[in-house]
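See below for target32.csv, which holds CSV, C-alpha atoms and all ligand atoms.
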chain,number,residue,atom,x,y,z
U,27,MET,CA,-1.4,18.4,8.6
U,28,ALA,CA,-0.5,16.4,5.5
U,29,PHE,CA,1.3,18.4,2.7
U,30,GLN,CA,1.6,21.4,4.9
U,31,GLY,CA,5.2,22.3,3.9
U,32,LEU,CA,4.6,21.7,0.2
U,33,ALA,CA,1.3,23.6,0.2
U,34,GLU,CA,2.9,26.6,1.9
U,35,ARG,CA,5.8,26.7,-0.4
U,36,LEU,CA,3.9,26.2,-3.6
U,37,GLN,CA,1.2,28.7,-2.6
U,38,ALA,CA,3.9,31.3,-1.9
U,39,THR,CA,5.5,30.6,-5.3
U,40,MET,CA,2.2,30.8,-7.1
U,41,GLN,CA,1.3,34.0,-5.4
U,42,LYS,CA,4.4,35.7,-6.8
U,43,ILE,CA,3.4,34.9,-10.4
U,44,THR,CA,-0.4,35.1,-10.3
U,45,GLY,CA,-0.8,38.8,-10.6
U,46,LYS,CA,1.9,39.5,-13.2
U,47,GLY,CA,0.6,41.2,-16.3
U,48,LYS,CA,3.6,40.1,-18.3
U,49,ILE,CA,5.7,37.0,-17.9
U,50,THR,CA,9.2,36.3,-19.2
U,51,GLU,CA,10.9,33.0,-19.7
U,52,GLN,CA,13.1,34.0,-16.8
U,53,ASP,CA,10.0,34.4,-14.5
U,54,VAL,CA,8.9,30.8,-15.4
U,55,LYS,CA,12.4,29.5,-14.8
U,56,ASP,CA,12.6,31.2,-11.4
U,57,MET,CA,9.2,29.8,-10.5
U,58,MET,CA,10.1,26.3,-11.6
U,59,ARG,CA,13.2,26.4,-9.6
U,60,GLU,CA,11.2,27.0,-6.5
U,61,VAL,CA,8.6,24.4,-7.5
U,62,ARG,CA,11.4,21.9,-7.9
U,63,PHE,CA,12.8,22.5,-4.5
U,64,ALA,CA,9.4,22.4,-2.9
U,65,LEU,CA,8.7,19.0,-4.5
U,66,ILE,CA,12.1,17.6,-3.5
U,67,GLU,CA,11.6,18.8,0.0
U,68,ALA,CA,8.2,17.1,0.1
U,69,ASP,CA,10.0,13.8,-0.7
U,70,VAL,CA,8.7,13.4,-4.2
U,71,ASN,CA,10.7,10.9,-6.4
U,72,LEU,CA,13.4,12.7,-8.3
U,73,LYS,CA,12.5,11.4,-11.7
U,74,VAL,CA,9.0,12.4,-11.1
U,75,VAL,CA,10.1,15.9,-10.1
U,76,LYS,CA,12.2,16.3,-13.2
U,77,LYS,CA,9.5,15.2,-15.6
U,78,PHE,CA,7.0,17.4,-13.9
U,79,VAL,CA,9.2,20.5,-14.1
U,80,LYS,CA,9.9,19.8,-17.7
U,81,THR,CA,6.3,19.4,-18.7
U,82,VAL,CA,5.1,22.5,-16.8
U,83,SER,CA,7.9,24.6,-18.1
U,84,GLU,CA,7.3,23.6,-21.7
U,85,ARG,CA,3.6,24.4,-21.4
U,86,ALA,CA,4.1,27.6,-19.4
U,87,ILE,CA,6.7,29.0,-21.8
U,88,GLY,CA,4.3,28.4,-24.8
U,89,GLN,CA,3.2,31.3,-26.9
U,90,GLU,CA,-0.5,31.3,-25.9
U,91,VAL,CA,0.4,31.7,-22.2
U,92,MET,CA,2.9,34.4,-22.7
U,93,LYS,CA,0.7,36.4,-24.9
U,94,SER,CA,-2.5,35.9,-23.0
U,95,LEU,CA,-4.1,38.7,-20.9
U,96,THR,CA,-3.6,36.8,-17.6
U,97,PRO,CA,-0.4,34.9,-18.1
U,98,GLY,CA,0.2,34.5,-14.3
U,99,GLN,CA,-3.1,32.8,-13.8
U,100,GLN,CA,-2.6,30.6,-16.8
U,101,VAL,CA,0.7,29.4,-15.4
U,102,VAL,CA,-0.9,28.6,-12.0
U,103,LYS,CA,-3.6,26.7,-13.9
U,104,ILE,CA,-1.0,24.7,-15.7
U,105,VAL,CA,0.7,23.8,-12.5
U,106,LYS,CA,-2.6,22.6,-11.1
U,107,ASP,CA,-3.5,20.6,-14.2
U,108,GLU,CA,-0.2,18.9,-14.2
U,109,LEU,CA,-0.3,18.2,-10.5
U,110,THR,CA,-3.8,16.6,-11.0
U,111,GLU,CA,-2.4,14.6,-13.9
U,112,LEU,CA,0.5,13.5,-11.9
U,113,MET,CA,-1.8,12.0,-9.3
U,114,GLY,CA,-3.8,10.1,-11.9
U,115,GLY,CA,-6.2,12.7,-13.4
U,116,GLU,CA,-9.6,11.2,-12.9
U,117,GLN,CA,-11.0,9.6,-9.8
U,118,ASN,CA,-10.8,5.9,-10.2
U,119,PRO,CA,-13.8,3.8,-9.2
U,120,ILE,CA,-14.0,0.2,-7.9
U,121,GLN,CA,-14.3,-2.4,-10.6
U,122,PHE,CA,-17.2,-4.8,-9.8
U,123,SER,CA,-17.5,-8.1,-11.4
U,124,ARG,CA,-20.6,-8.6,-13.7
U,125,LYS,CA,-20.8,-12.1,-12.2
U,126,PRO,CA,-20.8,-11.9,-8.4
U,127,PRO,CA,-19.0,-12.3,-6.2
U,128,THR,CA,-16.6,-9.4,-6.9
U,129,VAL,CA,-13.2,-10.5,-5.4
U,130,ILE,CA,-11.0,-7.9,-3.8
U,131,MET,CA,-7.5,-8.9,-2.6
U,132,MET,CA,-6.0,-6.7,0.0
U,133,VAL,CA,-2.2,-6.8,0.1
U,134,GLY,CA,0.6,-4.8,1.8
U,135,LEU,CA,3.3,-4.8,4.4
U,136,GLN,CA,2.5,-5.4,8.1
U,137,GLY,CA,1.5,-2.2,9.8
U,138,ALA,CA,0.5,-0.4,6.7
U,139,GLY,CA,-3.1,-0.5,7.7
U,140,LYS,CA,-4.3,-3.5,5.6
U,141,THR,CA,-6.8,-5.0,8.0
U,142,THR,CA,-8.1,-1.7,9.1
U,143,THR,CA,-8.6,-0.7,5.5
U,144,THR,CA,-10.4,-4.0,4.8
U,145,GLY,CA,-12.9,-3.0,7.4
U,146,LYS,CA,-13.2,0.5,6.2
U,147,LEU,CA,-13.7,-0.5,2.6
U,148,ALA,CA,-16.2,-3.1,3.5
U,149,THR,CA,-18.2,-0.4,5.2
U,150,VAL,CA,-18.0,1.8,2.1
U,151,LEU,CA,-19.1,-1.1,-0.1
U,152,ARG,CA,-22.2,-1.7,2.1
U,153,LYS,CA,-23.1,1.9,2.6
U,154,LYS,CA,-22.4,3.5,-0.8
U,155,HIS,CA,-22.7,0.5,-3.1
U,156,ASN,CA,-25.3,-1.6,-1.3
U,157,ARG,CA,-23.1,-4.7,-1.3
U,158,LYS,CA,-22.8,-7.6,1.1
U,159,PRO,CA,-19.1,-8.2,1.7
U,160,LEU,CA,-17.5,-11.3,3.2
U,161,LEU,CA,-14.2,-10.7,5.0
U,162,VAL,CA,-11.7,-13.5,4.6
U,163,ALA,CA,-8.9,-14.1,7.1
U,164,ALA,CA,-6.1,-15.4,5.0
U,165,ASP,CA,-3.1,-14.4,7.2
U,166,VAL,CA,-2.4,-17.8,8.7
U,167,TYR,CA,1.0,-16.8,10.2
U,168,ARG,CA,-0.3,-14.5,12.9
U,169,PRO,CA,-3.2,-15.7,14.9
U,170,ALA,CA,-3.5,-12.1,16.1
U,171,ALA,CA,-4.2,-11.0,12.6
U,172,ILE,CA,-7.2,-13.4,12.3
U,173,GLN,CA,-8.5,-12.3,15.7
U,174,GLN,CA,-8.1,-8.6,14.6
U,175,LEU,CA,-10.3,-9.2,11.6
U,176,GLU,CA,-12.8,-11.1,13.6
U,177,THR,CA,-13.1,-8.3,16.1
U,178,LEU,CA,-13.4,-5.8,13.3
U,179,GLY,CA,-16.1,-7.9,11.7
U,180,LYS,CA,-18.1,-7.9,14.9
U,181,GLN,CA,-17.6,-4.1,15.3
U,182,ILE,CA,-19.0,-3.4,11.8
U,183,ASP,CA,-21.4,-6.3,11.8
U,184,MET,CA,-19.9,-8.0,8.8
U,185,PRO,CA,-19.3,-11.8,8.4
U,186,VAL,CA,-15.7,-13.0,8.6
U,187,PHE,CA,-14.6,-16.3,7.0
U,188,SER,CA,-11.8,-18.0,8.9
U,189,LEU,CA,-10.4,-21.5,9.1
U,190,GLY,CA,-7.7,-20.8,11.7
U,191,THR,CA,-4.0,-21.1,11.0
U,192,ASP,CA,-3.7,-24.8,9.9
U,193,VAL,CA,-5.2,-24.4,6.4
U,194,SER,CA,-3.3,-22.8,3.5
U,195,PRO,CA,-4.3,-19.4,2.4
U,196,VAL,CA,-5.2,-20.7,-1.1
U,197,GLU,CA,-7.5,-23.3,0.4
U,198,ILE,CA,-9.1,-20.7,2.7
U,199,THR,CA,-9.7,-18.6,-0.3
U,200,ARG,CA,-11.2,-21.5,-2.3
U,201,GLN,CA,-13.6,-22.3,0.5
U,202,ALA,CA,-14.4,-18.7,1.2
U,203,LEU,CA,-15.5,-18.2,-2.5
U,204,GLU,CA,-17.8,-21.2,-2.2
U,205,HIS,CA,-19.2,-20.0,1.1
U,206,ALA,CA,-19.8,-16.5,-0.4
U,207,LYS,CA,-21.8,-18.0,-3.3
U,208,GLU,CA,-23.9,-20.1,-0.9
U,209,GLU,CA,-24.6,-17.2,1.4
U,210,HIS,CA,-25.1,-14.7,-1.4
U,211,GLN,CA,-22.3,-12.4,-0.2
U,212,ASP,CA,-21.6,-10.4,-3.4
U,213,VAL,CA,-18.1,-9.2,-2.5
U,214,VAL,CA,-15.3,-11.3,-1.1
U,215,MET,CA,-12.5,-9.3,0.5
U,216,ILE,CA,-9.3,-11.4,1.1
U,217,ASP,CA,-7.2,-10.0,3.9
U,218,THR,CA,-3.8,-11.5,3.0
U,219,ALA,CA,-0.7,-11.9,5.1
U,220,GLY,CA,1.6,-8.9,5.6
U,221,ARG,CA,5.3,-9.1,6.2
U,222,LEU,CA,7.8,-6.6,7.6
U,223,HIS,CA,9.6,-6.6,4.2
U,224,VAL,CA,8.8,-7.6,0.7
U,225,ASP,CA,10.0,-11.2,0.3
U,226,GLU,CA,9.7,-13.9,-2.3
U,227,ASN,CA,7.7,-16.4,-0.2
U,228,LEU,CA,5.1,-13.7,0.4
U,229,MET,CA,4.9,-12.8,-3.2
U,230,GLN,CA,4.6,-16.4,-4.3
U,231,GLU,CA,1.7,-16.9,-1.9
U,232,LEU,CA,-0.1,-13.8,-3.1
U,233,VAL,CA,0.4,-15.0,-6.7
U,234,ASP,CA,-1.1,-18.4,-5.8
U,235,ILE,CA,-4.1,-16.7,-4.2
U,236,LYS,CA,-4.5,-14.4,-7.2
U,237,GLU,CA,-4.4,-17.4,-9.7
U,238,LEU,CA,-7.1,-19.2,-7.8
U,239,ALA,CA,-9.3,-16.2,-7.0
U,240,GLN,CA,-8.9,-14.2,-10.2
U,241,PRO,CA,-9.6,-11.0,-8.3
U,242,ASP,CA,-11.4,-8.0,-9.9
U,243,GLU,CA,-9.2,-5.7,-7.8
U,244,ILE,CA,-5.9,-6.1,-6.0
U,245,PHE,CA,-5.6,-3.2,-3.6
U,246,LEU,CA,-2.1,-2.5,-2.3
U,247,VAL,CA,-2.3,-0.7,1.1
U,248,VAL,CA,0.7,1.5,1.8
U,249,ASP,CA,1.5,3.9,4.6
U,250,ALA,CA,1.9,7.5,3.4
U,251,MET,CA,4.1,8.3,6.3
U,252,THR,CA,6.9,6.2,4.9
U,253,GLY,CA,7.3,8.4,1.9
U,254,GLN,CA,9.6,7.0,-0.8
U,255,ASP,CA,9.7,3.6,0.9
U,256,ALA,CA,6.0,3.4,0.2
U,257,VAL,CA,6.7,4.1,-3.5
U,258,ASN,CA,9.4,1.3,-3.6
U,259,VAL,CA,7.0,-1.1,-1.9
U,260,ALA,CA,4.3,-0.3,-4.4
U,261,LYS,CA,6.8,-0.9,-7.2
U,262,SER,CA,7.8,-4.3,-5.8
U,263,PHE,CA,4.3,-5.5,-5.3
U,264,ASP,CA,3.2,-4.3,-8.7
U,265,ASP,CA,6.1,-5.9,-10.5
U,266,ALA,CA,5.5,-9.3,-8.7
U,267,LEU,CA,1.8,-9.4,-8.5
U,268,GLY,CA,0.3,-6.6,-10.7
U,269,VAL,CA,-1.9,-4.5,-8.4
U,270,THR,CA,-5.0,-2.7,-9.7
U,271,GLY,CA,-5.0,0.2,-7.3
U,272,VAL,CA,-3.3,1.7,-4.2
U,273,VAL,CA,-4.8,2.7,-0.9
U,274,LEU,CA,-2.7,5.3,0.8
U,275,THR,CA,-3.2,5.3,4.5
U,276,LYS,CA,-2.4,7.7,7.3
U,277,LEU,CA,-2.9,10.8,5.2
U,278,ASP,CA,-4.4,12.3,8.3
U,279,GLY,CA,-0.9,12.4,9.7
U,280,ASP,CA,1.7,15.0,8.8
U,281,THR,CA,3.1,13.2,5.8
U,282,ARG,CA,5.1,15.5,3.5
U,283,GLY,CA,3.2,14.1,0.5
U,284,GLY,CA,6.0,12.4,-1.5
U,285,ALA,CA,4.2,9.1,-1.7
U,286,ALA,CA,0.9,10.6,-2.9
U,287,LEU,CA,2.7,12.6,-5.6
U,288,SER,CA,5.0,9.8,-6.8
U,289,ILE,CA,3.1,6.5,-6.7
U,290,ARG,CA,1.0,6.9,-9.8
U,291,GLU,CA,3.9,8.1,-12.0
U,292,VAL,CA,6.3,5.4,-10.7
U,293,THR,CA,4.0,2.4,-10.9
U,294,GLY,CA,1.4,3.6,-13.4
U,295,LYS,CA,-1.3,2.5,-10.9
U,296,PRO,CA,-3.9,4.8,-9.5
U,297,ILE,CA,-4.5,5.7,-5.9
U,298,LYS,CA,-8.1,4.7,-5.4
U,299,PHE,CA,-8.7,5.5,-1.7
U,300,VAL,CA,-7.0,7.4,1.1
U,301,GLY,CA,-7.1,6.6,4.8
U,302,MET,CA,-7.8,9.6,6.9
U,303,GLY,CA,-7.9,8.1,10.4
U,304,GLU,CA,-8.2,5.0,12.5
U,305,LYS,CA,-12.0,4.9,12.6
U,306,MET,CA,-14.1,2.8,10.3
U,307,ASP,CA,-15.6,5.8,8.5
U,308,ALA,CA,-12.2,7.3,7.7
U,309,LEU,CA,-11.7,6.1,4.1
U,310,GLU,CA,-12.2,8.5,1.2
U,311,PRO,CA,-12.1,8.0,-2.6
U,312,PHE,CA,-9.0,9.8,-3.9
U,313,HIS,CA,-9.7,12.8,-6.0
U,314,PRO,CA,-6.6,14.0,-7.8
U,315,GLU,CA,-8.1,17.3,-8.7
U,316,ARG,CA,-9.3,18.1,-5.2
U,317,MET,CA,-6.0,17.1,-3.8
U,318,ALA,CA,-4.2,19.4,-6.2
U,319,SER,CA,-6.6,22.2,-5.2
U,320,ARG,CA,-5.9,21.6,-1.6
U,321,ILE,CA,-2.1,21.7,-2.2
U,322,LEU,CA,-2.3,24.9,-4.3
U,323,GLY,CA,-4.9,26.6,-2.0
O,401,LIG,P1,-1.9,-4.2,8.9
O,401,LIG,O1,-0.8,-4.9,9.7
O,401,LIG,O2,-1.4,-3.7,7.6
O,401,LIG,O3,-3.1,-5.0,8.8
O,401,LIG,O4,-2.2,-2.9,9.7
O,401,LIG,P2,-3.4,-2.5,10.7
O,401,LIG,O5,-4.7,-2.5,9.9
O,401,LIG,O6,-3.3,-3.4,11.9
O,401,LIG,O7,-3.0,-1.0,11.0
O,401,LIG,C1,-1.9,-0.7,11.7
O,401,LIG,C2,-2.1,0.6,12.5
O,401,LIG,O8,-2.3,1.7,11.7
O,401,LIG,C3,-3.3,0.5,13.4
O,401,LIG,O9,-3.1,1.1,14.6
O,401,LIG,C4,-4.4,1.3,12.6
O,401,LIG,O10,-5.4,1.9,13.5
O,401,LIG,C5,-3.5,2.4,12.0
O,401,LIG,N1,-4.1,3.0,10.8
O,401,LIG,C6,-4.6,2.3,9.7
O,401,LIG,N2,-5.0,3.2,8.7
O,401,LIG,C7,-4.9,4.4,9.3
O,401,LIG,C8,-5.1,5.8,8.8
O,401,LIG,O11,-5.6,6.0,7.7
O,401,LIG,N3,-4.8,6.8,9.7
O,401,LIG,C9,-4.3,6.6,10.9
O,401,LIG,N4,-4.0,7.6,11.6
O,401,LIG,N5,-4.0,5.4,11.4
O,401,LIG,C10,-4.3,4.3,10.6

Can you give me the file's structure in the form of structure tokens?
Amino acid sequence: MAFQGLAERLQATMQKITGKGKITEQDVKDMMREVRFALIEADVNLKVVKKFVKTVSERAIGQEVMKSLTPGQQVVKIVKDELTELMGGEQNPIQFSRKPPTVIMMVGLQGAGKTTTTGKLATVLRKKHNRKPLLVAADVYRPAAIQQLETLGKQIDMPVFSLGTDVSPVEITRQALEHAKEEHQDVVMIDTAGRLHVDENLMQELVDIKELAQPDEIFLVVDAMTGQDAVNVAKSFDDALGVTGVVLTKLDGDTRGGAALSIREVTGKPIKFVGMGEKMDALEPFHPERMASRILG
């Protein structure tokens, strides 16, 4: 289960302090040492760990907490609040365009789950938001990628726009936008090419598509199982392209949690959805508070 190690360690640490009738500065320091180790072990970015520990310590050692009737519980609440804050605070909804179609660009490295997530998100858009998405196959480098999207489209009964591999991704996007307007498809989801690594050509192509399509959302899909690599990938994509949100996939696996806890703080961009499996209904909005509750038990 995801976050298992972190959850167990933090819960054990919190249990020690919850029932205390009186708390000393030393108690807080001891607790924070354990919290620090737990976060590092969960593969959370070191700078993020440091800042988190500092913020929680400052608040926990504050007068109101120390003098309150239930200082232990107050400290646990502070940890939960700050964990929630670390993951972005509020749940972050999809931005729709006032003038349809809403354009969503899906970007990410190969294997992160981009195409699968495109299908899942399209399903959410139809079911929860009553929209009519058009899926656009803009990965012209791998015929298999186009085929994968077409198969997915059939599976979920969603139209796929494709011009094969001989037309440029920018031109595909341009024609897809026209097609969507003609067919009254009110969301255009562009499944862009992935690469094994971040490279300049890929970024330039994505920037070109972005300039043409003026997307309302650019969702970066990253694999939670890759930990801090996912965070570095997120930073590179955001620096080059400016993403509007992150989709963290494979949270159903046994990820330690480092990516989920670091991405927002490192990139400033919210996690909007999490992938919880391979099936088309396994995409959930990301709720920082619920995730913090899950981790702290
Ligand atoms: P892309 O290359 O980024 O388009 O990646 P794909 O969409 O082809 O996904 C790569 C693999 O990851 C596929 O086997 C997917 O079924 C799998 N996958 C995607 N999202 C999830 C998820 O949230 N959980 C799990 N367990 N597998 C996922």

Close residues to ligand LIG 401 (chain O) using only C-alpha atoms and all ligand atoms, limit 6 Å, as JSON, numbers by chain
{"U": [135, 136, 137, 138, 139, 140, 141, 142, 275, 276, 278, 301, 302, 303, 304]}

Closest to Asp53 of chain U among U:Gly88, U:Gly98, U:Gly145, U:Gly271, using all atoms listed in the file?
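Between U:Gly88, U:Gly98, U:Gly145, U:Gly271, the residue approaching Asp53 of chain U most closely is U:Gly98.
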
Tell me, as a PyMOL selection string, which residues lie within 12 Å of Glu197 of chain U, counting all atoms listed in the file; anything in the same chain fewer than 2 positions away does not count.
chain U and resi 162-164+166+187-195+199-204+231+234-235+238-239

In Å to one decimal, how far is atom CA of Leu277 of chain U from atom CA of Ala38 of chain U?
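Answer for the atom CA of Ala38 of chain U to atom CA of Leu277 of chain U separation: 22.7 Å.
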
If we count all atoms listed in the file and set the cut-off at 10 Å, which residues sit around Ser94 of chain U, ignoring sequence neighbours fewer than 4 positions away in its own chain? Please answer as a compact mmCIF listing (two decimals) with C-alpha atoms, keeping the file's coordinate frame.
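Result went into selection_38.txt, see below:
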# COMPACT_ATOMS: atom_id res chain seq x y z
CA GLY U 47 0.60 41.20 -16.30
CA LYS U 48 3.60 40.10 -18.30
CA ILE U 49 5.70 37.00 -17.90
CA GLN U 89 3.20 31.30 -26.90
CA GLU U 90 -0.50 31.30 -25.90
CA GLY U 98 0.20 34.50 -14.30
CA GLN U 99 -3.10 32.80 -13.80
CA GLN U 100 -2.60 30.60 -16.80

What does the structure give for the distance between atom CA of Ile198 of chain U and atom CA of Glu237 of chain U, in Å to one decimal?
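Taking atom CA of Ile198 of chain U as the start and atom CA of Glu237 of chain U as the end point, the length is 13.7 Å.
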
Considering only C-alpha atoms, return as a VMD selection string whatever protein or nucleic-acid residues lie within 12 Å of Asp56 of chain U, sequence-local ones (same chain, fewer than 3 positions apart) excluded.
chain U and resid 39 to 40 42 to 43 49 to 53 59 to 63 79 83

Work out how far apart atom CA of Ala266 of chain U and atom CA of Val224 of chain U are and give it in Å to one decimal.
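Going from atom CA of Ala266 of chain U over to atom CA of Val224 of chain U covers 10.1 Å.
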
Could I get the residues of segment 93-142 of chain U with an atom no further than 10 Å from an atom of segment 306-320 of chain U, each paired with its nearest atom pair and that distance in Å to one decimal, using all atoms listed in the file, sorted by chain and residue number, as CSV?
residue,atom,partner,partner_atom,distance
U:Val105,CA,U:Ala318,CA,9.1
U:Lys106,CA,U:Ala318,CA,6.1
U:Asp107,CA,U:Glu315,CA,7.9
U:Glu108,CA,U:Ala318,CA,9.0
U:Leu109,CA,U:Ala318,CA,5.9
U:Thr110,CA,U:Glu315,CA,4.9
U:Glu111,CA,U:Pro314,CA,7.4
U:Leu112,CA,U:Pro314,CA,8.2
U:Met113,CA,U:Pro314,CA,5.4
U:Gly114,CA,U:Pro314,CA,6.3
U:Gly115,CA,U:Pro314,CA,5.8
U:Glu116,CA,U:Pro314,CA,6.5
U:Gln117,CA,U:His313,CA,5.1
U:Asn118,CA,U:Phe312,CA,7.6
U:Pro119,CA,U:Pro311,CA,8.0
U:Ile120,CA,U:Pro311,CA,9.6
U:Thr142,CA,U:Met306,CA,7.6

Please determine, counting only C-alpha atoms, which residue among U:Val91, U:Leu246, U:Met184, U:Met27 has the shortest atom-to-atom distance to Thr218 of chain U.
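Closest residue, counting only C-alpha atoms: U:Leu246.
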